[in-house]
Structure formats: structure tokens, C-alpha cells
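Participant: Below: one structure in C-alpha cells.
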Amino acid sequence: MSSVEQLWVAGVGMTEFGVHRALSVKQLVASAVGDALADAGAETGSLDVAFFGTATQGRLEGQTSVPGEIALREMGIGAIPVFNVENACATGASAFALACAHLRAGLADVALAVGVEKMHTDDPAAAMAVFEGGFDVNDRAGLDRDLAILGGASDTSDVGRRSIFMDIYAAMARSHMGLYGTTAEQIAAVASKNHAHAIDNPRAFYRKNFTIEEVLAARPLAPPITVPMCSPVTDGAAAAIVCTEAGLKRLRAAGVPVRVLAFSVATGTDRDITNFENHVSSRAAQKAYEQAGVGPEEVSVAEVHDATAFGELLQSELMGLVPEGDGGPAALRGDTTIGGRIPINPSGGLESKGHPIGATGLGQVFELVEQLRGRAGSRQVEGARIALAENGGGFHRGEEAVASVIILGSE
């Protein structure tokens, strides 16, 4: 096979994100992959290669080393190469990028990218503990120094149990507040908007409206973060079938194929933590825009990583969707709401949809494919042509350890 340029998403599938105590990892995978195969008009034998993403299964279930081979074999997918992927919260997006790179290299024509997580167990403390590996565990003092530089001192002794990443996002939020005058009300506007978007998303975990005032008055986690500003721990799976032109001809896609315009994964560099031009997400976005041949002003709709509402506010700026420092005012003005200038997280985002770590990036792809096909129902962004997904994970020296940006386009 020779190298190829044009790639397509032929099919997508996604379970509801939520609490699935009665379902196993294998069953969640079978549901999402089965739907993606049906959507692509493919059989299990149509696949040339698979990339399987999970970040917590080894620690929570004890299934290490070969989770993808076992889960996929259970549903009749065997013989092909299966690659297991773990890359923090960017695991699913990384599986997608690796599938695309494999196809572009001419090594296959039809690839599966799937991500899954089952985080609700009989030991909630174990699920929370998985986040403790998302930074340099050999330099906890360095993490504390970075958080102090970013957000200054903050008394969190009485705000209840939370993952370390809520403290990380809170410190980043306080830094942004100091630099740009961002307010808690503006962060709450992001959360309120996303909860409203999720009302009509049947795959979202939380489907309840919150006013800005209710978000601000809710239980605090780490100042200025409150519970409705945060993504819940969730179970779920999502999958995408990606193919070349030759692979597309082998399939009988039920939905309109969507073009893969760009896929980019970046890691951090040493920088002044107030210099956002060289932020890991900015660099991933710049590379993706160059690859796609489009600019941020051409993006119709975006799904970004909002593990907290502040995450969306920051990423809206780093993706160039709003000017630097304008993420908060833009949310308060309604610019990022469905019907606004640049709708962000029409799915409800991680805050409402949920955040099963390994599935999150592919859940974003699912939503954007539906948007580009015009199949998002009451969440539909009118005239959506170019869609962007940003997904980041971990924390290292003042920023995410890894960032992914995917750009998709309608045919």
C-alpha cells in the first residue's frame, strides 16, 4: 500500500455515559463498536487494525497488558493487529490519531479507534486515586510549586473530597482571573450553558438545567470551582471507524462519511506559564490548522476538554476561537451557546455528558460527526461544515502533559 492523503470517518458509535454497574468493559466496548460498525456498513472482518484506549482498566479491574485484544476478541474481532493506548484524558483522541497515522502511512485501509472506561466500582476511593498518577509522582513538591505560582495560596481544607485535578484547574482559573479579570460568574456561565446543552442529549449523564446563580451557590470544591462546574466520574465507551478512499469503497456507510482534515498530538515544553502562545494546546492547534488548511475563524462548532468549566474557557482562547482573555466575556455574552457566534460543547461537554477518561476524545468525535451530518436534532448547529475537537490530559510544569486537536469537515 502507498501513502494516502484523504481519510474519512465512515462510522461512529457511543454508549450513554453514566453509571453502568451491570455492564462490563467488554459489553460497553461491544455496544459502541457494534454501533460504529453498523453506521459504517462494516462487518468485524472489514477491519484491518484496531487502536484500543483505556486509562484506568488496569488499575481498577486488574486487566493489564492486553485489554484491547481481549475485549475485541470477545465480539469476534481477531487476527488483526490491536494496539493498546493510554495517554491520560487524551487516550481516546490519541487512539484516533494513531489510527489516522496508520492509514495515512498506507499500512491499512480500515481502522477502528475505540475508548472505554468503567470507573464506578465498589471502591470509590480507588477510582479517585487513578488521578494521582496524572502528574510527575516523583516530584510532588514541583507540582505544589507550580500550583502556588499559578494560583497563589488558597484554603481548601473544608471543601470536601475531590481529585487533585480540581485543585489544578482551580489554580489555573485563579491565574487567569489575575491576568485578565475573569470572574467566577463568567466561569459559571460556561457551566450553565453546557448543562442547558445536555438537556436534549440522550447520551449525557447529567441532563439538568443550572442557572448561573445556582452554579455559583453550589457546593465548592476548590475556589472558584463548584460541583456543577466539574465533570463527573463516569462509565462509557465510544468508537470510530476511519478509512482511506479505498477502504470507503469496501463499506456500505449508513451515514454520510466525514472528512478527517487534521489530527495533532503535542506534549509540553518549558515556558513561562503566563505565555499562552507556546501552551501545549496552542501548539497542537497551530499544527492542526496548518494541516487542515483552515483557520479558527472557519470553525463552525467545537468540542473542547471541559473537565471543569474553566477548562473550556481557557481552551476557547487557546484554540483561537475567541481572543486571548475573552473566554469569560464570550461565554457570558452567549457567543459559545448553540445559536451563538461559535457554539462550543453542544453535547453538554464533560461537565454534563461525563468523562470516562479513555472514551472522552472519541465521544467528542461522535458528537462532531453527528453535527457535520446534520443529525444532532435540537442540538444541531446550523450550517456546520468544519468541526474541531480539543482533548488534553495530565499536568506537567504548569500545563496539560498532552494535548490533541482533531479537525473534521463535511463532504
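Identifiers in the C-alpha cells: chain A, B, ... in order shown; residue index from 1 per chain; ligand index from 1 in order shown.
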What are the closest atom pairs, with distances in Å to one decimal, for each residue of segment 89-130 of chain A lying within 12 Å of segment 380-403 of chain A, using only C-alpha atoms, rows by chain and rising residue number, as a tab-separated table?
Facilitator:
residue	atom	partner	partner_atom	distance
A:Cys89	CA	A:Gly393	CA	4.3
A:Ala90	CA	A:Gly392	CA	5.1
A:Thr91	CA	A:Gly393	CA	8.3
A:Gly92	CA	A:Asn391	CA	8.8
A:Ala93	CA	A:Asn391	CA	6.7
A:Ser94	CA	A:Ala403	CA	9.1
A:Ala95	CA	A:Asn391	CA	12.0
A:Phe96	CA	A:Ala389	CA	11.5
A:Ala97	CA	A:Ala403	CA	11.5
A:Val130	CA	A:Gly394	CA	11.3
Participant: Which residues, written as an MDAnalysis selection string, have at least one atom at most 8 Å from segment 255-269 of chain A, with only C-alpha atoms counted and residues fewer than 4 positions away on the same chain left out?
Facilitator: chainID A and resid 6:11 39:40 94 97 100 278:281 283:285 287:289 291:292 369 372:373 396 399:411
Participant: Within 7 Å of segment 60-69 of chain A, counting only C-alpha atoms, which residues show up once you throw out same-chain ones fewer than 2 positions away? Write them as an MDAnalysis selection string, please.
Facilitator: chainID A and resid 52 56:58 71:73 82 84 126:127
Participant: Give the helix (DSSP H, G or I) residues of segment 42-200 of chain A, as assigned by DSSP on the backbone, as a ChimeraX atom specification.
Facilitator: /A:44-46,57-61,67-74,91-104,124-133,140-151,164-180,184-198
Participant: Tell me, as a tab-separated table (two decimals) with N, CA and C atoms, in the first residue's frame, which residues lie within 8 Å of segment 166-171 of chain A, counting only C-alpha atoms; anything in the same chain fewer than 5 positions away does not count.
Facilitator:
chain	number	residue	atom	x	y	z
A	147	LEU	N	1.47	24.98	41.28
A	147	LEU	CA	0.13	25.42	41.65
A	147	LEU	C	0.18	26.72	42.45
A	148	ALA	N	1.20	26.86	43.30
A	148	ALA	CA	1.34	28.10	44.07
A	148	ALA	C	1.67	29.27	43.15
A	150	LEU	N	0.86	29.49	39.99
A	150	LEU	CA	-0.33	29.77	39.17
A	150	LEU	C	-1.41	30.48	39.97
A	151	GLY	N	-1.79	29.89	41.10
A	151	GLY	CA	-3.00	30.35	41.78
A	151	GLY	C	-2.82	30.93	43.15
A	152	GLY	N	-1.60	30.98	43.66
A	152	GLY	CA	-1.39	31.50	44.99
A	152	GLY	C	-1.98	30.60	46.05
A	221	LEU	N	-15.62	23.15	45.59
A	221	LEU	CA	-14.59	22.10	45.59
A	221	LEU	C	-13.22	22.70	45.85
A	222	ALA	N	-12.84	23.69	45.04
A	222	ALA	CA	-11.59	24.42	45.23
A	222	ALA	C	-11.83	25.78	44.58
A	223	PRO	N	-11.70	26.85	45.32
A	223	PRO	CA	-12.07	28.17	44.81
A	223	PRO	C	-11.38	28.51	43.49
A	224	PRO	N	-12.12	28.94	42.43
A	224	PRO	CA	-13.54	29.29	42.41
A	224	PRO	C	-14.44	28.17	41.88
A	225	ILE	N	-13.97	26.92	41.91
A	225	ILE	CA	-14.68	25.80	41.28
A	225	ILE	C	-15.76	25.25	42.21
A	230	CYS	N	-17.84	20.94	37.26
A	230	CYS	CA	-16.90	19.83	37.12
A	230	CYS	C	-17.51	18.62	36.43
A	308	THR	N	-13.37	20.91	33.85
A	308	THR	CA	-14.08	21.95	34.60
A	308	THR	C	-14.49	23.02	33.61
A	310	PHE	N	-13.82	26.05	33.70
A	310	PHE	CA	-12.68	26.90	33.36
A	310	PHE	C	-11.87	26.30	32.22
A	311	GLY	N	-11.80	24.95	32.16
A	311	GLY	CA	-11.08	24.31	31.07
A	311	GLY	C	-11.61	24.75	29.72
Participant: For a quick check of understanding, using only C-alpha atoms, which of A:Ile149, A:Val85, A:Ala330, A:Val110 has the smallest distance to Val242 of chain A?
Facilitator: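 Selected residue with least distance to Val242 of chain A: A:Val110.
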Participant: Just want the 9 Å neighbourhood of Leu313 of chain A, counted on only C-alpha atoms, with same-chain residues fewer than 6 positions away dropped. Output as a list in words.
Facilitator: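 In the requested format, the answer is Gln186, Ile187, Val190, Asp306, Asp326, Gly327, Gly328, Ala330 and Ala331 of chain A.
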Participant: Restricting the calculation to only C-alpha atoms: of A:Ala238, A:Arg219, A:Ile338, A:Met172, which residue gets closest to Ala309 of chain A?
Facilitator: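 The closest residue to Ala309 of chain A is A:Met172.
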Participant: With DSSP run on the backbone, what are the strand (DSSP E) residues within segment 56-243 of chain A? I'd like them as a PyMOL selection string.
Facilitator: chain A and resi 82-85+110-117+220-222+225-226+236-243
Participant: Next, write the just-selected residues to a file, as an mmCIF file, in the first residue's frame, keeping N, CA, C and O atoms as the atom set.
Facilitator:
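Output contents, as saved in part.cif:
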data_model
loop_
_atom_site.group_PDB
_atom_site.id
_atom_site.type_symbol
_atom_site.label_atom_id
_atom_site.label_comp_id
_atom_site.auth_asym_id
_atom_site.auth_seq_id
_atom_site.Cartn_x
_atom_site.Cartn_y
_atom_site.Cartn_z
ATOM 1 N N VAL A 82 -3.832 -5.315 17.132
ATOM 2 C CA VAL A 82 -4.533 -4.472 18.103
ATOM 3 C C VAL A 82 -3.467 -3.773 18.938
ATOM 4 O O VAL A 82 -2.579 -4.415 19.487
ATOM 5 N N PHE A 83 -3.569 -2.451 19.012
ATOM 6 C CA PHE A 83 -2.623 -1.657 19.780
ATOM 7 C C PHE A 83 -3.353 -1.010 20.951
ATOM 8 O O PHE A 83 -4.390 -0.380 20.773
ATOM 9 N N ASN A 84 -2.796 -1.186 22.150
ATOM 10 C CA ASN A 84 -3.396 -0.607 23.345
ATOM 11 C C ASN A 84 -2.798 0.769 23.608
ATOM 12 O O ASN A 84 -1.580 0.959 23.515
ATOM 13 N N VAL A 85 -3.676 1.716 23.945
ATOM 14 C CA VAL A 85 -3.277 3.114 24.075
ATOM 15 C C VAL A 85 -3.660 3.630 25.454
ATOM 16 O O VAL A 85 -4.798 3.464 25.890
ATOM 17 N N VAL A 110 -8.873 0.314 6.596
ATOM 18 C CA VAL A 110 -9.997 0.497 7.521
ATOM 19 C C VAL A 110 -9.490 0.258 8.939
ATOM 20 O O VAL A 110 -8.964 -0.818 9.244
ATOM 21 N N ALA A 111 -9.642 1.268 9.804
ATOM 22 C CA ALA A 111 -9.128 1.172 11.166
ATOM 23 C C ALA A 111 -10.228 1.482 12.171
ATOM 24 O O ALA A 111 -11.107 2.318 11.923
ATOM 25 N N LEU A 112 -10.157 0.823 13.302
ATOM 26 C CA LEU A 112 -11.053 1.081 14.420
ATOM 27 C C LEU A 112 -10.295 1.805 15.520
ATOM 28 O O LEU A 112 -9.204 1.395 15.903
ATOM 29 N N ALA A 113 -10.882 2.893 16.026
ATOM 30 C CA ALA A 113 -10.401 3.536 17.246
ATOM 31 C C ALA A 113 -11.517 3.433 18.270
ATOM 32 O O ALA A 113 -12.660 3.822 17.990
ATOM 33 N N VAL A 114 -11.219 2.903 19.434
ATOM 34 C CA VAL A 114 -12.247 2.734 20.470
ATOM 35 C C VAL A 114 -11.657 3.095 21.822
ATOM 36 O O VAL A 114 -10.481 2.835 22.094
ATOM 37 N N GLY A 115 -12.455 3.744 22.651
ATOM 38 C CA GLY A 115 -12.035 4.070 24.003
ATOM 39 C C GLY A 115 -13.107 3.655 24.991
ATOM 40 O O GLY A 115 -14.300 3.735 24.684
ATOM 41 N N VAL A 116 -12.695 3.229 26.166
ATOM 42 C CA VAL A 116 -13.663 2.733 27.154
ATOM 43 C C VAL A 116 -13.141 2.990 28.556
ATOM 44 O O VAL A 116 -11.926 3.032 28.789
ATOM 45 N N GLU A 117 -14.072 3.174 29.487
ATOM 46 C CA GLU A 117 -13.716 3.253 30.893
ATOM 47 C C GLU A 117 -14.908 2.794 31.724
ATOM 48 O O GLU A 117 -16.065 3.086 31.396
ATOM 49 N N PRO A 220 -18.784 24.132 47.039
ATOM 50 C CA PRO A 220 -17.450 24.439 46.499
ATOM 51 C C PRO A 220 -16.537 23.220 46.554
ATOM 52 O O PRO A 220 -16.650 22.377 47.445
ATOM 53 N N LEU A 221 -15.615 23.149 45.591
ATOM 54 C CA LEU A 221 -14.593 22.102 45.593
ATOM 55 C C LEU A 221 -13.215 22.699 45.849
ATOM 56 O O LEU A 221 -12.484 22.270 46.726
ATOM 57 N N ALA A 222 -12.839 23.685 45.042
ATOM 58 C CA ALA A 222 -11.592 24.422 45.227
ATOM 59 C C ALA A 222 -11.826 25.778 44.582
ATOM 60 O O ALA A 222 -12.150 25.835 43.396
ATOM 61 N N ILE A 225 -13.972 26.918 41.905
ATOM 62 C CA ILE A 225 -14.677 25.798 41.280
ATOM 63 C C ILE A 225 -15.760 25.252 42.212
ATOM 64 O O ILE A 225 -15.499 24.962 43.384
ATOM 65 N N THR A 226 -16.974 25.086 41.669
ATOM 66 C CA THR A 226 -18.060 24.430 42.400
ATOM 67 C C THR A 226 -18.441 23.143 41.663
ATOM 68 O O THR A 226 -18.032 22.922 40.516
ATOM 69 N N GLY A 236 -18.384 4.390 30.266
ATOM 70 C CA GLY A 236 -18.881 4.518 28.902
ATOM 71 C C GLY A 236 -17.827 4.139 27.880
ATOM 72 O O GLY A 236 -16.661 3.909 28.207
ATOM 73 N N ALA A 237 -18.269 4.067 26.633
ATOM 74 C CA ALA A 237 -17.373 3.733 25.519
ATOM 75 C C ALA A 237 -17.796 4.506 24.284
ATOM 76 O O ALA A 237 -18.966 4.867 24.125
ATOM 77 N N ALA A 238 -16.839 4.768 23.407
ATOM 78 C CA ALA A 238 -17.107 5.430 22.126
ATOM 79 C C ALA A 238 -16.131 4.879 21.101
ATOM 80 O O ALA A 238 -15.023 4.449 21.442
ATOM 81 N N ALA A 239 -16.539 4.895 19.836
ATOM 82 C CA ALA A 239 -15.722 4.284 18.781
ATOM 83 C C ALA A 239 -15.913 5.009 17.460
ATOM 84 O O ALA A 239 -16.953 5.632 17.221
ATOM 85 N N ALA A 240 -14.906 4.922 16.621
ATOM 86 C CA ALA A 240 -14.973 5.486 15.267
ATOM 87 C C ALA A 240 -14.304 4.539 14.289
ATOM 88 O O ALA A 240 -13.267 3.933 14.604
ATOM 89 N N ILE A 241 -14.904 4.397 13.116
ATOM 90 C CA ILE A 241 -14.300 3.653 12.004
ATOM 91 C C ILE A 241 -13.725 4.673 11.035
ATOM 92 O O ILE A 241 -14.449 5.519 10.500
ATOM 93 N N VAL A 242 -12.410 4.625 10.851
ATOM 94 C CA VAL A 242 -11.719 5.569 9.981
ATOM 95 C C VAL A 242 -11.174 4.799 8.782
ATOM 96 O O VAL A 242 -10.713 3.657 8.928
ATOM 97 N N CYS A 243 -11.225 5.408 7.609
ATOM 98 C CA CYS A 243 -10.777 4.663 6.423
ATOM 99 C C CYS A 243 -10.202 5.579 5.363
ATOM 100 O O CYS A 243 -10.406 6.796 5.360
#
Participant: Tell me which protein, DNA and RNA residues are within 12 Å of Ala79 of chain A, counting only C-alpha atoms, leaving out same-chain ones fewer than 5 positions away, and put them as JSON, numbers by chain.
Facilitator: {"A": [44, 45, 46, 47, 48, 49, 50, 69, 70, 72, 73]}
Participant: For the residues selected in the previous step, produce a file with C-alpha atoms as a PDB file, in the first residue's frame.
Facilitator:
ATOM      1  CA  THR A  44     -15.996  -7.230  12.033  1.00  0.00           C
ATOM      2  CA  GLY A  45     -13.970  -8.762   9.206  1.00  0.00           C
ATOM      3  CA  SER A  46     -13.792  -5.380   7.452  1.00  0.00           C
ATOM      4  CA  LEU A  47     -11.269  -4.051   9.955  1.00  0.00           C
ATOM      5  CA  ASP A  48      -7.545  -4.071   9.183  1.00  0.00           C
ATOM      6  CA  VAL A  49      -6.299  -2.736  12.531  1.00  0.00           C
ATOM      7  CA  ALA A  50      -7.613  -1.523  15.890  1.00  0.00           C
ATOM      8  CA  GLU A  69      -7.129  -7.940  22.386  1.00  0.00           C
ATOM      9  CA  ILE A  70      -9.426  -9.486  24.983  1.00  0.00           C
ATOM     10  CA  LEU A  72     -12.386  -7.103  20.886  1.00  0.00           C
ATOM     11  CA  ARG A  73     -11.896 -10.869  20.564  1.00  0.00           C
TER      12      ARG A  73
END
Participant: Between atom CA of Val12 of chain A and atom CA of Ala191 of chain A, what distance in Å does the model show, to one decimal?
Facilitator: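 Value for the atom CA of Val12 of chain A-atom CA of Ala191 of chain A distance: 26.7 Å.
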